[in-house]
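Pasted below: query_1.cif, mmCIF, C-alpha atoms.
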```
data_coords
loop_
_atom_site.label_atom_id
_atom_site.label_comp_id
_atom_site.auth_asym_id
_atom_site.auth_seq_id
_atom_site.Cartn_x
_atom_site.Cartn_y
_atom_site.Cartn_z
CA MET A 6 0.00 0.00 0.00
CA ASN A 7 1.52 3.30 -1.17
CA PHE A 8 -1.46 5.65 -1.51
CA CYS A 9 -4.69 6.40 0.33
CA SER A 10 -7.59 4.69 -1.46
CA HIS A 11 -9.91 7.43 -0.17
CA CYS A 12 -8.08 10.65 -1.16
CA GLY A 13 -5.10 9.45 -3.27
CA HIS A 14 -2.35 11.02 -1.13
CA THR A 15 0.63 9.13 0.27
CA VAL A 16 0.41 6.92 3.34
CA ARG A 17 2.81 6.16 6.15
CA PHE A 18 3.05 2.95 8.20
CA GLU A 19 2.95 3.62 11.92
CA ILE A 20 1.03 2.90 15.10
CA PRO A 21 -2.03 5.18 15.30
CA SER A 22 -2.71 6.98 18.56
CA GLY A 23 -4.54 4.62 20.93
CA ASP A 24 -3.69 1.55 18.84
CA ASP A 25 -1.04 -1.12 19.47
CA ARG A 26 0.11 -2.11 15.99
CA PRO A 27 1.19 -0.28 12.84
CA ARG A 28 -1.38 0.58 10.16
CA TYR A 29 -1.30 2.46 6.90
CA LEU A 30 -2.29 6.05 7.73
CA CYS A 31 -3.06 8.73 5.16
CA ASN A 32 -0.77 11.75 5.41
CA GLU A 33 -3.53 14.01 4.11
CA CYS A 34 -7.01 12.89 5.22
CA GLY A 35 -5.92 10.74 8.19
CA THR A 36 -7.85 7.64 7.12
CA ILE A 37 -6.58 4.48 8.85
CA HIS A 38 -6.46 1.55 6.44
CA TYR A 39 -7.04 -1.66 8.37
CA GLN A 40 -5.97 -4.95 6.82
CA ASN A 41 -7.48 -8.23 8.00
CA PRO A 42 -7.25 -11.95 7.25
CA ARG A 43 -9.29 -13.47 4.46
CA ILE A 44 -11.46 -16.57 4.60
CA VAL A 45 -10.86 -19.41 2.14
CA ALA A 46 -14.09 -21.43 2.05
CA GLY A 47 -14.54 -24.80 0.40
CA THR A 48 -15.91 -28.32 0.65
CA LEU A 49 -14.78 -31.91 1.01
CA PRO A 50 -17.27 -33.47 -1.42
CA VAL A 51 -17.96 -37.16 -0.79
CA ARG A 52 -19.71 -39.81 -2.84
CA GLY A 53 -19.91 -43.18 -1.16
CA SER A 54 -16.34 -44.11 -0.21
CA ARG A 55 -14.72 -41.61 -2.60
CA VAL A 56 -13.80 -37.93 -2.28
CA LEU A 57 -13.67 -35.37 -5.06
CA LEU A 58 -10.48 -33.49 -5.90
CA CYS A 59 -9.71 -30.84 -8.52
CA ARG A 60 -6.40 -30.48 -10.36
CA ARG A 61 -5.48 -26.80 -10.44
CA ALA A 62 -5.36 -25.01 -13.80
CA ILE A 63 -4.10 -21.77 -12.23
CA PRO A 64 -1.19 -20.65 -10.06
CA PRO A 65 -0.19 -21.12 -7.35
CA ARG A 66 0.45 -24.90 -7.49
CA HIS A 67 -0.71 -25.34 -11.07
CA GLY A 68 -1.20 -29.05 -11.81
CA PHE A 69 -1.55 -30.07 -8.16
CA TRP A 70 -4.69 -31.52 -6.60
CA THR A 71 -6.93 -29.61 -4.21
CA LEU A 72 -10.36 -29.53 -2.67
CA PRO A 73 -12.67 -26.95 -4.24
CA ALA A 74 -12.09 -23.78 -2.20
CA GLY A 75 -11.43 -20.08 -2.66
CA TYR A 76 -11.76 -16.64 -1.17
CA MET A 77 -15.11 -15.84 0.41
CA GLU A 78 -16.67 -12.82 -1.28
CA ASN A 79 -18.44 -9.85 0.23
CA ALA A 80 -22.24 -10.20 0.53
CA GLU A 81 -22.26 -13.97 0.91
CA THR A 82 -22.36 -16.39 3.85
CA THR A 83 -19.65 -18.96 4.60
CA LEU A 84 -21.91 -21.79 3.35
CA GLU A 85 -22.74 -19.88 0.19
CA ALA A 86 -19.03 -19.27 -0.43
CA ALA A 87 -18.17 -22.95 0.02
CA ALA A 88 -21.00 -24.05 -2.30
CA ARG A 89 -20.10 -21.41 -4.91
CA GLU A 90 -16.45 -22.43 -5.01
CA THR A 91 -17.51 -26.07 -5.43
CA ARG A 92 -19.78 -25.07 -8.30
CA GLU A 93 -17.08 -22.94 -9.95
CA GLU A 94 -14.14 -25.33 -9.65
CA ALA A 95 -15.86 -28.72 -9.87
CA ARG A 96 -19.18 -27.90 -11.56
CA ALA A 97 -20.73 -29.80 -8.70
CA GLU A 98 -23.70 -29.27 -6.41
CA VAL A 99 -23.33 -30.41 -2.81
CA GLU A 100 -25.35 -30.89 0.33
CA ILE A 101 -23.26 -29.40 3.12
CA HIS A 102 -23.19 -31.20 6.48
CA GLY A 103 -21.08 -29.01 8.69
CA LEU A 104 -17.80 -27.22 9.25
CA TYR A 105 -15.05 -29.83 9.35
CA THR A 106 -11.64 -28.11 9.43
CA MET A 107 -10.85 -24.51 10.33
CA ILE A 108 -7.16 -23.78 9.84
CA SER A 109 -5.46 -20.44 10.51
CA LEU A 110 -2.41 -19.53 8.42
CA PRO A 111 -1.15 -16.44 10.22
CA HIS A 112 1.91 -15.95 7.98
CA ILE A 113 -0.32 -15.42 4.93
CA ASN A 114 -3.37 -13.95 6.72
CA GLN A 115 -5.80 -16.69 5.74
CA VAL A 116 -8.38 -18.79 7.57
CA TYR A 117 -9.42 -21.98 5.76
CA MET A 118 -12.92 -23.32 6.38
CA ILE A 119 -13.65 -26.68 4.79
CA PHE A 120 -17.18 -28.08 5.07
CA ARG A 121 -18.03 -31.77 4.75
CA ALA A 122 -20.51 -32.32 1.93
CA ASP A 123 -22.22 -34.96 -0.19
CA LEU A 124 -22.10 -34.68 -3.94
CA THR A 125 -25.67 -34.51 -5.19
CA GLY A 126 -25.09 -34.79 -8.94
CA GLY A 127 -22.43 -34.72 -11.61
CA TYR A 128 -19.11 -32.93 -11.75
CA ALA A 129 -16.74 -31.53 -14.35
CA ALA A 130 -13.68 -29.30 -14.56
CA GLY A 131 -14.53 -25.63 -14.19
CA PRO A 132 -12.29 -22.95 -15.74
CA GLU A 133 -9.84 -23.06 -12.82
CA SER A 134 -9.44 -26.86 -12.94
CA LEU A 135 -7.58 -29.13 -15.38
CA GLU A 136 -9.60 -32.15 -14.28
CA VAL A 137 -11.89 -33.24 -11.47
CA ALA A 138 -12.08 -36.81 -10.21
CA LEU A 139 -13.27 -39.06 -7.38
CA PHE A 140 -10.62 -40.89 -5.34
CA GLU A 141 -10.69 -43.84 -2.98
CA GLU A 142 -8.45 -43.37 0.07
CA HIS A 143 -5.66 -45.54 -1.42
CA GLU A 144 -5.78 -43.52 -4.65
CA ILE A 145 -5.22 -40.07 -3.09
CA PRO A 146 -2.18 -38.42 -4.76
CA TRP A 147 -0.58 -37.45 -1.43
CA ASP A 148 2.61 -36.19 -3.09
CA GLU A 149 0.70 -34.06 -5.54
CA LEU A 150 -1.61 -32.14 -3.20
CA ALA A 151 -1.59 -28.38 -3.66
CA PHE A 152 -1.61 -27.14 -0.05
CA PRO A 153 -0.94 -28.41 3.48
CA THR A 154 -4.50 -27.42 4.46
CA ILE A 155 -5.80 -29.94 1.92
CA GLU A 156 -3.54 -32.75 3.10
CA ARG A 157 -4.49 -32.12 6.72
CA THR A 158 -8.22 -32.08 5.95
CA LEU A 159 -8.03 -35.35 4.01
CA ARG A 160 -5.96 -37.05 6.75
CA HIS A 161 -8.54 -36.02 9.37
CA PHE A 162 -11.33 -37.31 7.16
CA PHE A 163 -9.92 -40.78 6.59
CA ALA A 164 -8.99 -41.11 10.28
CA ASP A 165 -12.46 -39.98 11.42
CA ARG A 166 -14.31 -42.11 8.90
CA GLY A 167 -13.42 -45.25 10.82
CA ASN A 168 -15.42 -43.93 13.77
CA ALA A 169 -18.18 -42.35 11.68
CA GLN A 170 -17.64 -39.22 13.79
CA PHE A 171 -16.56 -35.99 12.15
CA PRO A 172 -15.88 -33.38 14.82
CA LEU A 173 -14.68 -29.91 13.87
CA HIS A 174 -10.87 -29.76 13.81
CA ILE A 175 -9.38 -26.34 14.57
CA SER A 176 -5.66 -25.92 13.98
CA ASP A 177 -2.93 -23.67 12.60
CA ILE A 178 -0.32 -23.95 9.90
CA THR A 179 2.68 -21.74 10.51
CA ALA A 180 5.42 -20.55 8.17
CA LYS A 181 7.61 -23.32 9.60
CA ASP A 182 4.99 -26.00 8.91
CA ARG A 183 4.65 -24.70 5.39
CA GLU A 184 8.42 -24.86 4.84
CA ARG A 185 8.41 -28.53 5.80
CA TYR A 186 5.72 -29.06 3.20
CA PHE A 187 7.03 -27.05 0.29
CA GLY A 188 10.74 -26.91 1.15
CA SER A 189 12.41 -23.58 1.65
CA ALA A 190 11.98 -22.56 -2.02
CA MET B 1 -12.53 3.45 -2.71
CA ASN B 2 -11.61 6.31 -5.04
CA PHE B 3 -7.90 5.82 -5.74
CA CYS B 4 -5.52 2.92 -6.37
CA SER B 5 -3.60 2.13 -3.17
CA HIS B 6 -0.71 0.86 -5.30
CA CYS B 7 -0.10 3.74 -7.75
CA GLY B 8 -2.46 6.53 -6.57
CA HIS B 9 -4.43 6.91 -9.82
CA THR B 10 -8.22 6.77 -10.07
CA VAL B 11 -10.15 3.51 -10.04
CA ARG B 12 -13.32 2.38 -11.79
CA PHE B 13 -15.85 -0.19 -10.53
CA GLU B 14 -16.53 -2.88 -13.11
CA ILE B 15 -16.39 -6.61 -13.77
CA PRO B 16 -12.80 -7.60 -14.68
CA SER B 17 -12.28 -9.83 -17.70
CA GLY B 18 -12.85 -13.46 -16.68
CA ASP B 19 -14.54 -12.48 -13.41
CA ASP B 20 -18.24 -12.48 -12.54
CA ARG B 21 -18.62 -9.55 -10.15
CA PRO B 22 -17.54 -5.90 -10.10
CA ARG B 23 -14.23 -4.91 -8.47
CA TYR B 24 -12.30 -1.69 -8.09
CA LEU B 25 -9.84 -1.60 -11.01
CA CYS B 26 -7.01 0.90 -11.38
CA ASN B 27 -7.28 3.00 -14.53
CA GLU B 28 -3.49 3.31 -14.69
CA CYS B 29 -1.70 0.20 -13.41
CA GLY B 30 -4.61 -2.26 -13.76
CA THR B 31 -4.43 -3.56 -10.19
CA ILE B 32 -7.66 -5.32 -9.15
CA HIS B 33 -8.59 -4.42 -5.57
CA TYR B 34 -10.44 -7.36 -4.03
CA GLN B 35 -12.59 -6.77 -0.96
CA ASN B 36 -13.51 -9.62 1.34
CA PRO B 37 -15.45 -10.23 4.56
CA ARG B 38 -13.80 -9.71 7.91
CA ILE B 39 -13.80 -12.06 10.87
CA VAL B 40 -15.06 -10.83 14.26
CA ALA B 41 -13.56 -13.20 16.85
CA GLY B 42 -14.52 -13.36 20.49
CA THR B 43 -15.39 -15.50 23.48
CA LEU B 44 -18.31 -16.43 25.70
CA PRO B 45 -16.43 -16.44 29.03
CA VAL B 46 -18.06 -18.58 31.71
CA ARG B 47 -17.47 -18.85 35.45
CA GLY B 48 -19.64 -21.44 37.15
CA SER B 49 -23.23 -20.56 36.25
CA ARG B 50 -22.44 -17.00 35.17
CA VAL B 51 -21.29 -15.45 31.88
CA LEU B 52 -19.18 -12.36 31.43
CA LEU B 53 -20.43 -9.36 29.48
CA CYS B 54 -18.83 -6.00 28.68
CA ARG B 55 -20.68 -2.67 28.42
CA ARG B 56 -19.39 -0.85 25.36
CA ALA B 57 -17.50 2.42 25.84
CA ILE B 58 -17.25 3.02 22.08
CA PRO B 59 -19.60 3.31 19.13
CA PRO B 60 -21.48 1.58 17.66
CA ARG B 61 -23.95 0.72 20.44
CA HIS B 62 -22.18 2.70 23.14
CA GLY B 63 -23.54 1.72 26.56
CA PHE B 64 -24.95 -1.63 25.39
CA TRP B 65 -23.72 -5.04 26.58
CA THR B 66 -21.68 -7.41 24.46
CA LEU B 67 -19.39 -10.40 24.60
CA PRO B 68 -15.69 -9.51 24.19
CA ALA B 69 -15.09 -9.68 20.42
CA GLY B 70 -13.50 -7.68 17.64
CA TYR B 71 -11.83 -7.81 14.25
CA MET B 72 -9.28 -10.54 13.79
CA GLU B 73 -5.90 -9.02 12.88
CA ASN B 74 -3.36 -10.09 10.30
CA ALA B 75 -0.66 -12.48 11.55
CA GLU B 76 -2.80 -14.10 14.24
CA THR B 77 -4.91 -17.25 14.49
CA THR B 78 -8.65 -17.29 15.21
CA LEU B 79 -7.99 -18.52 18.78
CA GLU B 80 -5.34 -15.86 19.34
CA ALA B 81 -7.75 -13.19 18.09
CA ALA B 82 -10.54 -14.35 20.40
CA ALA B 83 -8.20 -14.47 23.41
CA ARG B 84 -6.68 -11.06 22.57
CA GLU B 85 -10.09 -9.39 22.31
CA THR B 86 -11.07 -10.90 25.66
CA ARG B 87 -7.87 -9.56 27.20
CA GLU B 88 -8.35 -6.10 25.66
CA GLU B 89 -12.03 -5.59 26.43
CA ALA B 90 -12.43 -7.53 29.69
CA ARG B 91 -8.84 -7.69 31.02
CA ALA B 92 -9.53 -11.41 31.35
CA GLU B 93 -7.60 -14.57 30.56
CA VAL B 94 -9.60 -17.54 29.31
CA GLU B 95 -9.23 -21.22 28.53
CA ILE B 96 -10.93 -21.71 25.19
CA HIS B 97 -12.97 -24.88 24.65
CA GLY B 98 -14.16 -24.70 21.08
CA LEU B 99 -15.94 -22.75 18.40
CA TYR B 100 -19.54 -22.25 19.49
CA THR B 101 -21.33 -19.89 17.09
CA MET B 102 -20.30 -18.90 13.57
CA ILE B 103 -22.66 -16.30 12.18
CA SER B 104 -22.42 -14.75 8.71
CA LEU B 105 -23.69 -11.19 8.25
CA PRO B 106 -23.57 -10.82 4.48
CA HIS B 107 -25.04 -7.29 4.43
CA ILE B 108 -22.07 -5.95 6.40
CA ASN B 109 -19.42 -8.44 5.21
CA GLN B 110 -18.68 -9.95 8.60
CA VAL B 111 -18.34 -13.47 9.97
CA TYR B 112 -18.67 -13.74 13.75
CA MET B 113 -16.82 -16.56 15.51
CA ILE B 114 -17.56 -16.90 19.20
CA PHE B 115 -15.61 -19.49 21.20
CA ARG B 116 -16.82 -20.99 24.49
CA ALA B 117 -14.30 -20.33 27.25
CA ASP B 118 -13.72 -20.56 30.98
CA LEU B 119 -12.52 -17.51 32.86
CA THR B 120 -9.24 -18.40 34.51
CA GLY B 121 -8.70 -15.30 36.64
CA GLY B 122 -9.94 -11.80 37.29
CA TYR B 123 -11.53 -9.28 34.97
CA ALA B 124 -11.86 -5.51 34.63
CA ALA B 125 -13.01 -2.96 32.11
CA GLY B 126 -10.49 -2.41 29.32
CA PRO B 127 -10.36 0.93 27.48
CA GLU B 128 -13.25 -0.05 25.16
CA SER B 129 -15.54 -1.08 28.02
CA LEU B 130 -17.48 1.02 30.58
CA GLU B 131 -17.85 -1.96 32.88
CA VAL B 132 -17.48 -5.74 32.85
CA ALA B 133 -19.63 -8.06 34.95
CA LEU B 134 -20.77 -11.65 35.45
CA PHE B 135 -24.46 -12.44 34.90
CA GLU B 136 -26.70 -15.33 35.86
CA GLU B 137 -29.14 -16.30 33.11
CA HIS B 138 -32.04 -14.43 34.77
CA GLU B 139 -29.89 -11.29 35.06
CA ILE B 140 -28.96 -10.99 31.35
CA PRO B 141 -29.96 -7.50 30.08
CA TRP B 142 -31.71 -8.88 26.99
CA ASP B 143 -33.05 -5.45 25.97
CA GLU B 144 -29.66 -3.83 26.30
CA LEU B 145 -27.51 -6.21 24.22
CA ALA B 146 -25.39 -4.53 21.57
CA PHE B 147 -25.80 -6.89 18.60
CA PRO B 148 -28.09 -9.68 17.41
CA THR B 149 -25.05 -12.01 17.18
CA ILE B 150 -24.59 -11.62 20.94
CA GLU B 151 -28.24 -12.30 21.75
CA ARG B 152 -28.26 -15.39 19.52
CA THR B 153 -25.07 -16.77 21.06
CA LEU B 154 -26.39 -16.31 24.60
CA ARG B 155 -29.75 -17.91 23.75
CA HIS B 156 -27.99 -20.96 22.27
CA PHE B 157 -25.80 -21.19 25.35
CA PHE B 158 -28.59 -21.19 27.91
CA ALA B 159 -30.62 -23.65 25.80
CA ASP B 160 -27.65 -26.01 25.36
CA ARG B 161 -26.55 -25.79 28.97
CA GLY B 162 -29.53 -27.88 30.06
CA ASN B 163 -28.15 -30.77 28.00
CA ALA B 164 -24.48 -30.08 28.77
CA GLN B 165 -23.87 -30.35 25.02
CA PHE B 166 -22.50 -27.37 23.13
CA PRO B 167 -22.45 -28.15 19.41
CA LEU B 168 -21.26 -25.57 16.91
CA HIS B 169 -24.16 -23.43 15.67
CA ILE B 170 -23.73 -22.02 12.16
CA SER B 171 -26.26 -19.43 11.04
CA ASP B 172 -26.79 -16.13 9.25
CA ILE B 173 -28.17 -12.74 10.19
CA THR B 174 -29.54 -10.84 7.22
CA ALA B 175 -30.34 -7.15 6.80
CA LYS B 176 -33.99 -8.05 7.47
CA ASP B 177 -33.16 -9.87 10.71
CA ARG B 178 -31.10 -6.89 11.78
CA GLU B 179 -33.99 -4.52 11.08
CA ARG B 180 -36.23 -6.55 13.38
CA TYR B 181 -33.59 -6.18 16.07
CA PHE B 182 -32.68 -2.52 15.79
CA GLY B 183 -35.80 -1.15 14.09
CA SER B 184 -35.52 0.52 10.71
CA ALA B 185 -33.48 3.42 12.09
#
```
Written form, structure tokens:
Amino acid sequence: MNFCSHCGHTVRFEIPSGDDRPRYLCNECGTIHYQNPRIVAGTLPVRGSRVLLCRRAIPPRHGFWTLPAGYMENAETTLEAAARETREEARAEVEIHGLYTMISLPHINQVYMIFRADLTGGYAAGPESLEVALFEEHEIPWDELAFPTIERTLRHFFADRGNAQFPLHISDITAKDRERYFGSA
Amino acid sequence: MNFCSHCGHTVRFEIPSGDDRPRYLCNECGTIHYQNPRIVAGTLPVRGSRVLLCRRAIPPRHGFWTLPAGYMENAETTLEAAARETREEARAEVEIHGLYTMISLPHINQVYMIFRADLTGGYAAGPESLEVALFEEHEIPWDELAFPTIERTLRHFFADRGNAQFPLHISDITAKDRERYFGSA
């Protein structure tokens, strides 16, 4: 951020009076520009014993497999966001059962929310996917998953499935965790 | 938004190529400025049969009672945000048990996340609170609560307490719901 989105003048980065962390402050009109984490909403779509994954047609992690998920938009609910992303990336309609994983990624200011869901019809690659397919547990391409949030969600799911209990799992992925996943590159 | 925060030139509001909803687009450098919902994280602090509420010292709803909650900041987790807000508004430390209500407010681009928690020590009014106090169920100032999210969370809590089961409640509050709560003013 270099300029005030309200008046167009330059900003500085400092702690406003009465605050405890630095913000972008306009040098002219005084507007404080707050920046906050974004929600990535998506689903874990299930059909029988198989789960649906999408192979990414866009960066980052082009060509790697993911669950349908993306940034929640203004003017929608978390469930609407998860269903919309599933529709956009997998051309699939789902019946959503509940929030399953909520993972904070403080180093990139994201909160993942993945909802468990049943596929209610067909599926196909949307414009952001190269292909979309159903996988049995032993077929999951563990070494070709796009993000650690996706691996963690799938591992919870297959572990919980044995008990037919799917409690909400709340956890974090730090910069260090991410380095172990992607390497230091 | 009137100006590009990257280069300072004017923006227009239109649907970018390949997108399906209008965004602020810079007329000079082409940056697309995405806007996304914000998370309001907080706790429902409990001590024995009583719950802790804060009377707001700041707008909106100055003088009305609320649970300690506020905007999640960059570089923190949802649990850290909830604990920090509790510390700031109620000068209280808590042991957090789990996510209890998650309420989308699509008309104001917010997602509330209230975690159930036990008070582990004292409490006092922080700078954003006029006073902080513990309430039995029959003492809750239902007509003086600050927000419909707070009323809904408290009603769930007292209903669930009878069963000693506190499942996650996911719901929405629309502009129409809000109007019923505050009137059309």
Which residues are close to segment 31-43 of chain A, i.e. within 7 Å by all atoms listed in the file, leaving aside same-chain residues fewer than 4 positions away? Reply as an mmCIF file with C-alpha atoms, in the coordinates of the input.
```cif
data_model
loop_
_atom_site.group_PDB
_atom_site.id
_atom_site.type_symbol
_atom_site.label_atom_id
_atom_site.label_comp_id
_atom_site.auth_asym_id
_atom_site.auth_seq_id
_atom_site.Cartn_x
_atom_site.Cartn_y
_atom_site.Cartn_z
ATOM 1 C CA CYS A 9 -4.690 6.400 0.330
ATOM 2 C CA CYS A 12 -8.080 10.650 -1.160
ATOM 3 C CA HIS A 14 -2.350 11.020 -1.130
ATOM 4 C CA THR A 15 0.630 9.130 0.270
ATOM 5 C CA VAL A 16 0.410 6.920 3.340
ATOM 6 C CA ARG A 17 2.810 6.160 6.150
ATOM 7 C CA TYR A 76 -11.760 -16.640 -1.170
ATOM 8 C CA ASN A 114 -3.370 -13.950 6.720
ATOM 9 C CA GLN A 115 -5.800 -16.690 5.740
ATOM 10 C CA VAL A 116 -8.380 -18.790 7.570
ATOM 11 C CA ASN B 36 -13.510 -9.620 1.340
ATOM 12 C CA PRO B 37 -15.450 -10.230 4.560
ATOM 13 C CA ARG B 38 -13.800 -9.710 7.910
ATOM 14 C CA MET B 72 -9.280 -10.540 13.790
ATOM 15 C CA GLU B 73 -5.900 -9.020 12.880
ATOM 16 C CA ASN B 74 -3.360 -10.090 10.300
#
```
How many Å lie between atom CA of Phe152 of chain A and atom CA of Gly126 of chain A, rounded to one decimal? 26.2 Å
Please identify all polymer residues within 6 Å of Gly13 of chain A, counting only C-alpha atoms, omitting same-chain residues fewer than 3 positions from it, and present them as a PyMOL selection string. (chain A and resi 8-10) or (chain B and resi 3+8)
Taking only C-alpha atoms into account, name the residue in B:Pro167, B:Pro106, B:Gly18, B:Pro45 that is nearest to chain A.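 Selected residue with least distance to chain A: B:Pro106.
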Axis-aligned box for segment 158-162 of chain B, 4 Å per side, centre and edges in Å as lines of an AutoDock Vina configuration file:
```
center_x = -28.6
center_y = -24.5
center_z = 27.7
size_x = 12.1
size_y = 14.7
size_z = 12.7
```
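Put simply, the PyMOL selection byres ((chain B and resi 158-161) around 12) on this file hits Leu44, Val46, Gly48, Ser49, Arg50, Val51, Tyr100, Arg116, Phe135, Glu136, Glu137, His138, Ile140, Glu151, Arg152, Thr153, Leu154, Arg155, His156, Phe157, Gly162, Asn163, Ala164, Gln165, Phe166, Pro167, Leu168 and His169 of chain B.
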Name the residues that the PyMOL selection byres ((chain A and resi 19) around 9) picks from the file above, as a PyMOL selection string, using the file's chain letters and numbers. chain A and resi 17-18+20-21+26-30
